[in-house]
$ cat target-v2.tsv   # TSV, C-alpha atoms
chain	number	residue	atom	x	y	z
S	1	MET	CA	0.00	0.00	0.00
S	2	VAL	CA	1.14	3.57	-0.72
S	3	LEU	CA	-0.99	5.23	1.97
S	4	PRO	CA	0.72	7.68	4.33
S	5	LEU	CA	-0.07	5.17	7.11
S	6	SER	CA	0.36	1.44	6.72
S	7	PRO	CA	-0.19	-1.55	8.98
S	8	PRO	CA	0.82	-2.27	11.65
S	9	LEU	CA	-0.67	0.75	13.43
S	10	SER	CA	-1.77	0.67	17.06
S	11	PRO	CA	-5.05	2.37	17.99
S	12	MET	CA	-5.56	4.94	20.72
S	13	LEU	CA	-6.42	3.40	24.09
S	14	ALA	CA	-8.57	4.52	27.01
S	15	LYS	CA	-8.13	4.81	30.76
S	16	LEU	CA	-10.95	4.02	33.15
S	17	SER	CA	-12.93	6.77	34.88
S	18	ASP	CA	-15.67	6.62	37.50
S	19	GLY	CA	-17.82	9.19	35.72
S	20	ILE	CA	-18.41	10.88	32.39
S	21	PRO	CA	-16.01	13.84	32.02
S	22	GLN	CA	-17.76	17.18	32.22
S	23	GLY	CA	-17.17	20.57	30.62
S	24	ASP	CA	-16.57	21.91	27.16
S	25	GLY	CA	-14.26	20.32	24.62
S	26	TRP	CA	-15.41	16.71	24.88
S	27	LEU	CA	-16.86	14.34	22.29
S	28	TYR	CA	-18.77	11.34	23.66
S	29	GLU	CA	-19.34	8.05	21.86
S	30	PRO	CA	-20.71	4.61	22.80
S	31	LYS	CA	-18.11	2.11	23.94
S	32	TRP	CA	-18.75	-0.81	21.59
S	33	ASP	CA	-18.48	-4.43	22.66
S	34	GLY	CA	-16.73	-5.77	19.60
S	35	PHE	CA	-13.33	-6.08	17.93
S	36	ARG	CA	-11.37	-2.86	17.52
S	37	CYS	CA	-10.32	-2.65	13.89
S	38	ILE	CA	-8.34	-0.24	11.70
S	39	VAL	CA	-9.23	-0.40	8.00
S	40	PHE	CA	-6.56	0.48	5.41
S	41	ARG	CA	-7.83	1.13	1.88
S	42	ASP	CA	-5.74	1.98	-1.17
S	43	GLY	CA	-7.84	1.63	-4.31
S	44	ASP	CA	-8.77	-2.02	-4.70
S	45	ASP	CA	-6.47	-3.09	-1.88
S	46	ILE	CA	-7.99	-3.32	1.59
S	47	GLU	CA	-6.67	-4.65	4.89
S	48	LEU	CA	-8.32	-5.02	8.29
S	49	ALA	CA	-6.02	-4.97	11.33
S	50	SER	CA	-6.90	-5.80	14.93
S	51	ARG	CA	-6.06	-3.82	18.06
S	52	ASN	CA	-3.05	-6.11	18.54
S	53	GLU	CA	-1.96	-5.47	14.94
S	54	ARG	CA	-3.03	-8.92	13.79
S	55	PRO	CA	-4.74	-9.32	10.40
S	56	PHE	CA	-8.54	-9.51	10.53
S	57	THR	CA	-9.21	-9.50	6.78
S	58	ARG	CA	-9.76	-13.25	6.35
S	59	TYR	CA	-12.16	-13.49	9.29
S	60	PHE	CA	-14.72	-10.98	8.01
S	61	PRO	CA	-15.02	-11.49	4.23
S	62	GLU	CA	-18.58	-10.09	4.15
S	63	LEU	CA	-17.25	-6.62	5.02
S	64	LEU	CA	-14.78	-6.31	2.16
S	65	ALA	CA	-17.22	-5.49	-0.65
S	66	PRO	CA	-19.15	-2.85	1.38
S	67	LEU	CA	-15.90	-1.25	2.50
S	68	LEU	CA	-14.61	-1.07	-1.07
S	69	ALA	CA	-17.93	0.31	-2.27
S	70	GLN	CA	-18.38	2.99	0.39
S	71	LEU	CA	-15.03	4.15	1.77
S	72	PRO	CA	-12.94	6.83	0.05
S	73	GLN	CA	-10.44	5.42	-2.46
S	74	GLN	CA	-7.50	6.09	-0.14
S	75	CYS	CA	-8.10	6.21	3.58
S	76	VAL	CA	-7.36	4.74	7.00
S	77	VAL	CA	-10.39	4.41	9.30
S	78	ASP	CA	-10.51	3.45	12.97
S	79	GLY	CA	-13.62	1.63	14.16
S	80	GLU	CA	-15.18	-1.47	15.63
S	81	ILE	CA	-16.41	-4.73	14.14
S	82	VAL	CA	-19.62	-5.90	15.81
S	83	ILE	CA	-22.24	-8.58	15.15
S	84	PRO	CA	-25.87	-7.57	15.76
S	85	ALA	CA	-27.75	-10.23	17.72
S	86	GLY	CA	-31.24	-11.55	17.12
S	87	ASP	CA	-33.53	-10.73	14.22
S	88	GLY	CA	-32.03	-7.63	12.62
S	89	GLY	CA	-30.07	-6.78	15.75
S	90	ASP	CA	-33.12	-6.51	18.00
S	91	ASP	CA	-31.13	-8.09	20.83
S	92	GLY	CA	-28.19	-5.72	20.63
S	93	LEU	CA	-24.71	-7.17	20.06
S	94	ASP	CA	-23.43	-10.74	20.10
S	95	PHE	CA	-19.78	-10.88	21.19
S	96	ASP	CA	-19.74	-14.68	21.31
S	97	ALA	CA	-20.54	-14.76	17.59
S	98	LEU	CA	-17.49	-12.58	16.99
S	99	LEU	CA	-15.27	-14.99	18.89
S	100	GLN	CA	-16.47	-17.84	16.68
S	101	ARG	CA	-14.94	-16.11	13.66
S	102	ILE	CA	-11.37	-16.54	14.87
S	103	HIS	CA	-11.02	-19.96	13.31
S	104	PRO	CA	-8.40	-21.44	10.94
S	105	ALA	CA	-10.92	-23.12	8.61
S	106	GLU	CA	-11.94	-20.80	5.77
S	107	SER	CA	-15.10	-22.83	5.13
S	108	ARG	CA	-16.26	-22.25	8.70
S	109	VAL	CA	-15.50	-18.53	8.53
S	110	ARG	CA	-17.49	-18.14	5.31
S	111	ARG	CA	-20.41	-20.13	6.69
S	112	LEU	CA	-20.54	-17.93	9.79
S	113	ALA	CA	-20.19	-14.80	7.63
S	114	ALA	CA	-23.42	-15.80	5.92
S	115	GLU	CA	-25.24	-16.91	9.08
S	116	THR	CA	-24.15	-14.08	11.42
S	117	PRO	CA	-22.86	-11.21	9.24
S	118	ALA	CA	-20.78	-8.52	10.89
S	119	SER	CA	-21.06	-4.74	10.74
S	120	PHE	CA	-18.39	-2.06	10.94
S	121	VAL	CA	-18.83	1.13	12.97
S	122	ALA	CA	-16.44	3.95	12.00
S	123	PHE	CA	-15.44	6.51	14.63
S	124	ASP	CA	-12.17	8.11	13.48
S	125	LEU	CA	-10.40	9.01	10.23
S	126	LEU	CA	-6.61	8.62	10.38
S	127	ALA	CA	-5.65	9.27	6.76
S	128	LEU	CA	-7.36	10.59	3.64
S	129	GLY	CA	-5.70	10.45	0.25
S	130	ASP	CA	-2.00	11.09	0.76
S	131	ARG	CA	-2.62	13.08	3.95
S	132	SER	CA	-1.97	11.64	7.41
S	133	LEU	CA	-4.37	13.00	10.01
S	134	LEU	CA	-2.66	11.66	13.13
S	135	ASP	CA	-1.38	15.08	14.15
S	136	GLU	CA	-4.66	16.84	13.47
S	137	PRO	CA	-6.94	17.59	16.46
S	138	LEU	CA	-9.99	15.39	16.85
S	139	HIS	CA	-12.42	18.13	15.80
S	140	VAL	CA	-10.69	18.26	12.38
S	141	ARG	CA	-10.61	14.47	12.01
S	142	HIS	CA	-14.22	14.15	13.10
S	143	SER	CA	-15.35	16.84	10.66
S	144	LEU	CA	-13.63	15.03	7.79
S	145	LEU	CA	-15.05	11.70	9.01
S	146	THR	CA	-18.57	13.10	8.93
S	147	GLU	CA	-18.02	14.73	5.53
S	148	HIS	CA	-16.60	11.66	3.80
S	149	LEU	CA	-18.33	8.80	5.67
S	150	GLY	CA	-21.56	10.47	6.75
S	151	SER	CA	-23.69	8.60	4.20
S	152	LEU	CA	-22.61	5.05	5.04
S	153	SER	CA	-25.24	2.35	4.74
S	154	ALA	CA	-25.56	-1.13	6.28
S	155	PRO	CA	-23.45	-2.99	7.15
S	156	LEU	CA	-21.28	0.11	7.61
S	157	TYR	CA	-22.24	2.80	10.11
S	158	LEU	CA	-20.95	6.11	11.37
S	159	CYS	CA	-20.62	6.03	15.15
S	160	PRO	CA	-23.19	8.29	16.87
S	161	SER	CA	-21.52	11.01	18.92
S	162	THR	CA	-22.46	14.03	20.98
S	163	THR	CA	-20.78	16.94	22.75
S	164	ASP	CA	-23.59	17.07	25.32
S	165	ALA	CA	-22.65	15.32	28.58
S	166	ALA	CA	-26.31	14.95	29.56
S	167	VAL	CA	-27.07	13.08	26.32
S	168	ALA	CA	-23.99	10.92	26.89
S	169	GLN	CA	-25.23	10.06	30.38
S	170	ARG	CA	-28.63	9.00	29.04
S	171	ARG	CA	-27.00	6.84	26.38
S	172	PHE	CA	-24.72	5.34	29.03
S	173	THR	CA	-27.78	4.13	30.90
S	174	GLU	CA	-30.15	3.23	28.08
S	175	PHE	CA	-27.72	1.74	25.56
S	176	GLU	CA	-26.50	-0.87	28.05
S	177	GLY	CA	-29.39	-3.05	26.93
S	178	ALA	CA	-27.78	-3.30	23.50
S	179	GLY	CA	-24.69	-4.90	25.01
S	180	LEU	CA	-22.57	-1.75	24.94
S	181	ASP	CA	-19.76	-1.34	27.47
S	182	GLY	CA	-20.40	2.29	28.38
S	183	VAL	CA	-19.19	5.64	27.04
S	184	ILE	CA	-15.89	6.89	25.61
S	185	GLY	CA	-14.86	10.51	26.13
S	186	LYS	CA	-12.47	12.14	23.64
S	187	ARG	CA	-10.94	15.62	23.86
S	188	LEU	CA	-11.68	17.58	20.70
S	189	THR	CA	-8.24	19.20	20.76
S	190	ASP	CA	-6.26	15.95	21.00
S	191	PRO	CA	-4.25	14.46	18.11
S	192	TYR	CA	-4.40	10.72	17.45
S	193	THR	CA	-1.90	9.04	19.78
S	194	PRO	CA	-1.39	5.35	18.91
S	195	ASP	CA	-1.01	2.96	21.85
S	196	LYS	CA	-1.45	5.71	24.46
S	197	ARG	CA	-4.30	5.91	26.99
S	198	THR	CA	-5.47	9.41	26.20
S	199	LEU	CA	-9.16	8.54	25.88
S	200	VAL	CA	-11.50	8.21	28.87
S	201	LYS	CA	-13.83	5.23	29.27
S	202	VAL	CA	-16.74	4.96	31.67
S	203	LYS	CA	-17.98	1.40	32.10
S	204	HIS	CA	-20.98	-0.16	33.76
S	205	ARG	CA	-20.15	-1.63	37.14
S	206	ARG	CA	-22.33	-3.77	39.34
S	207	THR	CA	-21.64	-6.32	42.06
S	208	ALA	CA	-22.77	-9.90	42.59
S	209	ASP	CA	-22.26	-12.58	45.22
S	210	CYS	CA	-20.86	-15.68	43.52
S	211	VAL	CA	-19.89	-19.20	44.46
S	212	ILE	CA	-16.12	-19.77	44.21
S	213	ALA	CA	-16.13	-23.22	42.66
S	214	GLY	CA	-12.49	-23.53	41.66
S	215	TYR	CA	-9.39	-21.69	40.58
S	216	ARG	CA	-6.73	-21.62	37.90
S	217	ILE	CA	-3.01	-21.39	38.59
S	218	HIS	CA	-1.30	-18.21	37.40
S	219	LYS	CA	0.80	-18.53	34.27
S	220	ASP	CA	3.99	-18.22	36.35
S	221	GLY	CA	2.91	-21.32	38.30
S	222	LYS	CA	3.33	-19.61	41.66
S	223	GLY	CA	-0.17	-18.83	42.84
S	224	VAL	CA	-3.84	-18.45	42.03
S	225	GLY	CA	-4.32	-16.67	38.72
S	226	SER	CA	-8.12	-16.54	38.70
S	227	LEU	CA	-11.13	-17.66	40.71
S	228	LEU	CA	-13.95	-19.49	38.90
S	229	LEU	CA	-17.32	-17.91	39.60
S	230	GLY	CA	-20.65	-19.71	39.73
S	231	LEU	CA	-24.34	-18.80	40.00
S	232	TYR	CA	-27.34	-21.07	40.48
S	233	ASP	CA	-30.29	-21.00	38.09
S	234	ALA	CA	-33.93	-21.54	39.06
S	235	ASP	CA	-33.50	-25.32	38.70
S	236	GLY	CA	-30.59	-25.44	41.14
S	237	ARG	CA	-27.84	-25.92	38.57
S	238	LEU	CA	-24.54	-24.13	39.15
S	239	HIS	CA	-23.35	-22.30	36.04
S	240	HIS	CA	-19.85	-21.03	35.38
S	241	VAL	CA	-20.38	-17.29	34.83
S	242	GLY	CA	-16.83	-15.97	34.61
S	243	VAL	CA	-13.58	-15.44	36.48
S	244	SER	CA	-12.08	-12.97	38.91
S	245	ALA	CA	-8.41	-12.24	38.32
S	246	SER	CA	-5.80	-9.42	38.39
S	247	PHE	CA	-4.41	-10.27	41.83
S	248	THR	CA	-1.00	-9.04	42.93
S	249	ALA	CA	1.85	-11.56	43.14
S	250	LYS	CA	1.67	-11.46	46.93
S	251	ARG	CA	-2.09	-12.02	46.96
S	252	ARG	CA	-1.82	-14.90	44.45
S	253	GLY	CA	0.40	-16.77	46.89
S	254	GLU	CA	-1.84	-15.98	49.85
S	255	LEU	CA	-4.90	-17.26	47.99
S	256	LEU	CA	-3.17	-20.55	47.22
S	257	THR	CA	-2.64	-21.09	50.94
S	258	GLU	CA	-6.15	-19.92	51.90
S	259	LEU	CA	-7.87	-22.17	49.36
S	260	GLU	CA	-5.82	-25.31	49.94
S	261	PRO	CA	-8.15	-26.73	52.66
S	262	TYR	CA	-11.11	-26.43	50.27
S	263	THR	CA	-9.42	-28.66	47.68
S	264	HIS	CA	-9.74	-31.71	49.96
S	265	ASP	CA	-12.45	-34.07	48.64
S	266	ALA	CA	-13.59	-31.27	46.33
S	267	ARG	CA	-14.43	-33.66	43.49
S	268	VAL	CA	-17.03	-35.51	45.57
S	269	GLY	CA	-20.42	-34.24	44.43
S	270	HIS	CA	-18.94	-31.18	42.73
S	271	PRO	CA	-21.49	-29.66	40.28
S	272	TRP	CA	-18.78	-29.49	37.64
S	273	GLU	CA	-17.37	-32.96	38.30
S	274	ALA	CA	-17.92	-34.04	34.70
S	275	TRP	CA	-15.86	-31.07	33.54
S	276	ALA	CA	-13.03	-32.08	35.88
S	277	GLN	CA	-13.17	-35.72	34.76
S	278	TRP	CA	-13.09	-34.63	31.13
S	279	GLN	CA	-10.01	-32.55	31.89
S	280	ASP	CA	-8.28	-35.49	33.61
S	281	ALA	CA	-9.05	-37.89	30.79
S	282	ALA	CA	-7.71	-35.49	28.19
S	283	THR	CA	-4.55	-34.89	30.21
S	284	GLU	CA	-3.92	-38.62	30.64
S	285	ALA	CA	-4.41	-39.15	26.91
S	286	GLY	CA	-1.99	-36.36	26.10
S	287	GLN	CA	-4.72	-34.33	24.44
S	288	ARG	CA	-5.77	-30.73	24.77
S	289	MET	CA	-9.33	-30.66	26.01
S	290	PRO	CA	-11.73	-28.86	23.64
S	291	GLY	CA	-12.27	-25.38	24.95
S	292	ALA	CA	-9.18	-25.58	27.18
S	293	GLY	CA	-7.19	-23.17	25.06
S	294	SER	CA	-7.63	-19.54	24.20
S	295	ARG	CA	-8.33	-18.37	20.64
S	296	TRP	CA	-6.08	-15.41	21.30
S	297	ASN	CA	-3.28	-17.21	23.14
S	298	ALA	CA	-2.77	-20.79	22.02
S	299	GLY	CA	-0.33	-21.46	24.88
S	300	LYS	CA	-2.66	-20.32	27.65
S	301	ASP	CA	-3.54	-23.07	30.11
S	302	LEU	CA	-7.20	-23.05	31.13
S	303	SER	CA	-7.13	-26.19	33.32
S	304	TRP	CA	-8.53	-25.69	36.82
S	305	VAL	CA	-8.58	-26.94	40.41
S	306	PRO	CA	-12.01	-27.72	41.94
S	307	LEU	CA	-12.98	-26.39	45.37
S	308	ARG	CA	-15.64	-27.60	47.74
S	309	ILE	CA	-18.83	-25.58	47.26
S	310	GLU	CA	-18.53	-23.57	50.48
S	311	LEU	CA	-17.05	-20.18	49.57
S	312	VAL	CA	-18.88	-17.03	48.46
S	313	ALA	CA	-17.30	-13.79	47.27
S	314	GLU	CA	-18.59	-10.42	46.18
S	315	VAL	CA	-17.23	-9.41	42.76
S	316	THR	CA	-17.83	-6.63	40.28
S	317	PHE	CA	-19.25	-7.26	36.83
S	318	GLY	CA	-20.11	-5.09	33.85
S	319	GLN	CA	-22.48	-7.01	31.60
S	320	LEU	CA	-24.38	-10.26	31.66
S	321	GLN	CA	-24.56	-11.92	28.25
S	322	GLU	CA	-26.14	-15.33	27.69
S	323	GLY	CA	-25.78	-16.17	31.38
S	324	ARG	CA	-22.11	-15.17	31.71
S	325	PHE	CA	-20.24	-12.06	32.78
S	326	ARG	CA	-18.99	-10.53	29.56
S	327	HIS	CA	-15.69	-9.27	31.03
S	328	GLY	CA	-13.41	-10.33	33.86
S	329	SER	CA	-14.65	-9.50	37.34
S	330	GLN	CA	-12.81	-7.84	40.22
S	331	PHE	CA	-12.73	-9.55	43.59
S	332	LEU	CA	-14.04	-7.28	46.36
S	333	ARG	CA	-14.39	-9.38	49.52
S	334	TRP	CA	-15.33	-12.75	50.96
S	335	ARG	CA	-18.97	-13.09	52.01
S	336	ASP	CA	-18.91	-15.40	55.03
S	337	ASP	CA	-22.48	-14.31	55.77
S	338	ARG	CA	-23.83	-15.79	52.51
S	339	THR	CA	-24.45	-19.42	51.64
S	340	PRO	CA	-23.56	-20.77	48.19
S	341	ALA	CA	-27.22	-21.70	47.61
S	342	SER	CA	-28.17	-18.02	47.90
S	343	CYS	CA	-25.96	-17.08	44.93
S	344	THR	CA	-28.53	-17.08	42.15
S	345	TYR	CA	-29.17	-15.21	38.93
S	346	ASP	CA	-32.14	-13.54	40.59
S	347	GLN	CA	-29.85	-11.05	42.35
S	348	LEU	CA	-28.65	-9.57	39.05
S	349	GLU	CA	-30.13	-6.48	37.47
S	350	VAL	CA	-30.53	-6.98	33.72
S	351	ALA	CA	-30.80	-3.99	31.38
S	352	THR	CA	-33.83	-3.61	29.11
S	353	PRO	CA	-32.97	-4.83	25.58
S	354	VAL	CA	-32.15	-2.13	23.02
S	355	SER	CA	-31.78	-2.81	19.30
S	356	PHE	CA	-28.58	-2.21	17.36
S	357	ALA	CA	-30.54	0.05	14.98
S	358	THR	CA	-31.51	2.29	17.89
S	359	VAL	CA	-27.89	2.66	18.95
S	360	VAL	CA	-26.45	3.51	15.53
S	361	ALA	CA	-29.28	6.01	15.04
S	362	GLY	CA	-28.08	7.69	18.25
S	363	ALA	CA	-31.58	7.74	19.71
S	364	PRO	CA	-31.68	7.15	23.48

$ encode --input "target-v2.tsv" --output "structure tokens"
Amino acid sequence: MVLPLSPPLSPMLAKLSDGIPQGDGWLYEPKWDGFRCIVFRDGDDIELASRNERPFTRYFPELLAPLLAQLPQQCVVDGEIVIPAGDGGDDGLDFDALLQRIHPAESRVRRLAAETPASFVAFDLLALGDRSLLDEPLHVRHSLLTEHLGSLSAPLYLCPSTTDAAVAQRRFTEFEGAGLDGVIGKRLTDPYTPDKRTLVKVKHRRTADCVIAGYRIHKDGKGVGSLLLGLYDADGRLHHVGVSASFTAKRRGELLTELEPYTHDARVGHPWEAWAQWQDAATEAGQRMPGAGSRWNAGKDLSWVPLRIELVAEVTFGQLQEGRFRHGSQFLRWRDDRTPASCTYDQLEVATPVSFATVVAGAP
């Protein structure tokens, strides 16, 4: 490509804030729950690159023709790949469907592209023609973005934005039902700063009391890397809803000592005993258990150690999607006053569903 910017190019990143930034000079956008993607187009050549500078082009073939048809002949566009869920996106976004795309078999990728087609939401313009826009302030980039991409049509969309903090706050609350993460705040005077946390993100945060049903060893092998969280459904079945991680090295070692007594006889009557037996059988056979590896990190060990169903902890969570916490949860405290049986889905507040069409129209 002969563009002024070529892959690899890292996107801007965001730092977490407790509230939406106030005052003049801010642009607010939805925080999408998808794959961050930078699109490079030079005539008939097009390339999609992930946040980690990995190629995305082969995983989303259904986007190539619309991008070639609607983007300027030479441009670099920052945005997000999402998959609308339900009939026409009535159920918001489906992140699990996105994960399914990261697969080595081209036949599978093309089948999923037809069954669950993706959309692309553009929110920044990094180059136009032979002009790099990285050093231009956001208000210039956003004006050019609106001018040149303002008439996009499905499956391409221009990200809805506002400079009104009150509107942003309403969208923060009401768009959660579409599976959005929250709100991103951008300073209108800022240039584009790859790989730097100069944006501000405000995410949904709630708490839940969960059963601690097991743990995984940290990748350094020296302590607990993550706690496995469980919630009971109305039929009394314990579901794995996510993990709590990000402990300090000191705390990882302490947890290993604290949890050791709960490993004794933990397999007996454990709700996930079949999972543990499956893991053992695969290990003995020298096989990797299906689902025991990460799509993003093939060397990541996801084997686990069962615990007796006696411990309850309060953790934070952002979104609940298909019965699981969408993102990793933060451990807050042990709840010795709660019984595992009391940790049910009923305690969770679930946002009212909002369609993808409502979000991209910017209508709270």

$ atom_distance --input "target-v2.tsv" --atom1 "atom CA of S:Ser303" --atom2 "atom CA of S:Arg216"
6.5 Å

$ atom_distance --input "target-v2.tsv" --atom1 "atom CA of S:Pro8" --atom2 "atom CA of S:Glu53"
5.4 Å

$ closest_residue --input "target-v2.tsv" --among "S:Pro55, S:Val82, S:Pro137, S:Ser107" --to "S:Asp94" --atoms "all atoms listed in the file"
S:Val82

$ residues_around --input "target-v2.tsv" --residues "stretch 227-236 of chain S" --least-positions-apart "5" --cutoff "8 Å" --atoms "all atoms listed in the file" --output "JSON list (two decimals) with C-alpha atoms, in the coordinates of the input"
[["chain", "number", "residue", "atom", "x", "y", "z"],
["S", 210, "CYS", "CA", -20.86, -15.68, 43.52],
["S", 211, "VAL", "CA", -19.89, -19.20, 44.46],
["S", 212, "ILE", "CA", -16.12, -19.77, 44.21],
["S", 213, "ALA", "CA", -16.13, -23.22, 42.66],
["S", 214, "GLY", "CA", -12.49, -23.53, 41.66],
["S", 215, "TYR", "CA", -9.39, -21.69, 40.58],
["S", 216, "ARG", "CA", -6.73, -21.62, 37.90],
["S", 241, "VAL", "CA", -20.38, -17.29, 34.83],
["S", 242, "GLY", "CA", -16.83, -15.97, 34.61],
["S", 243, "VAL", "CA", -13.58, -15.44, 36.48],
["S", 244, "SER", "CA", -12.08, -12.97, 38.91],
["S", 245, "ALA", "CA", -8.41, -12.24, 38.32],
["S", 341, "ALA", "CA", -27.22, -21.70, 47.61],
["S", 343, "CYS", "CA", -25.96, -17.08, 44.93],
["S", 344, "THR", "CA", -28.53, -17.08, 42.15],
["S", 345, "TYR", "CA", -29.17, -15.21, 38.93]]

$ residues_near_point --input "target-v2.tsv" --point "(-13.0, -16.3, 4.6)" --cutoff "8 Å" --atoms "all atoms listed in the file" --output "PyMOL selection string"
chain S and resi 58-61+106-110+113

$ residues_around --input "target-v2.tsv" --residues "S:Leu71" --least-positions-apart "5" --cutoff "9 Å" --atoms "all atoms listed in the file" --output "ChimeraX atom specification"
/S:41,66,77,148-149,152

$ closest_residue --input "target-v2.tsv" --among "S:Asp181, S:Glu258, S:Glu310, S:Asp220" --to "S:Lys31" --atoms "all atoms listed in the file"
S:Asp181

$ atom_distance --input "target-v2.tsv" --atom1 "atom CA of S:Leu145" --atom2 "atom CA of S:Asp195"
20.9 Å

$ residues_around --input "target-v2.tsv" --residues "S:Pro353" --least-positions-apart "5" --cutoff "12 Å" --atoms "only C-alpha atoms" --output "ChimeraX atom specification"
/S:85-86,89-93,173-180,320-321,358-359

$ write_last_selection --input "target-v2.tsv" --atoms "C-alpha atoms" --output "short mmCIF file (atom, residue, chain, number, x, y, z; two decimals), in the coordinates of the input"
data_model
loop_
_atom_site.label_atom_id
_atom_site.label_comp_id
_atom_site.auth_asym_id
_atom_site.auth_seq_id
_atom_site.Cartn_x
_atom_site.Cartn_y
_atom_site.Cartn_z
CA ALA S 85 -27.75 -10.23 17.72
CA GLY S 86 -31.24 -11.55 17.12
CA GLY S 89 -30.07 -6.78 15.75
CA ASP S 90 -33.12 -6.51 18.00
CA ASP S 91 -31.13 -8.09 20.83
CA GLY S 92 -28.19 -5.72 20.63
CA LEU S 93 -24.71 -7.17 20.06
CA THR S 173 -27.78 4.13 30.90
CA GLU S 174 -30.15 3.23 28.08
CA PHE S 175 -27.72 1.74 25.56
CA GLU S 176 -26.50 -0.87 28.05
CA GLY S 177 -29.39 -3.05 26.93
CA ALA S 178 -27.78 -3.30 23.50
CA GLY S 179 -24.69 -4.90 25.01
CA LEU S 180 -22.57 -1.75 24.94
CA LEU S 320 -24.38 -10.26 31.66
CA GLN S 321 -24.56 -11.92 28.25
CA THR S 358 -31.51 2.29 17.89
CA VAL S 359 -27.89 2.66 18.95
#
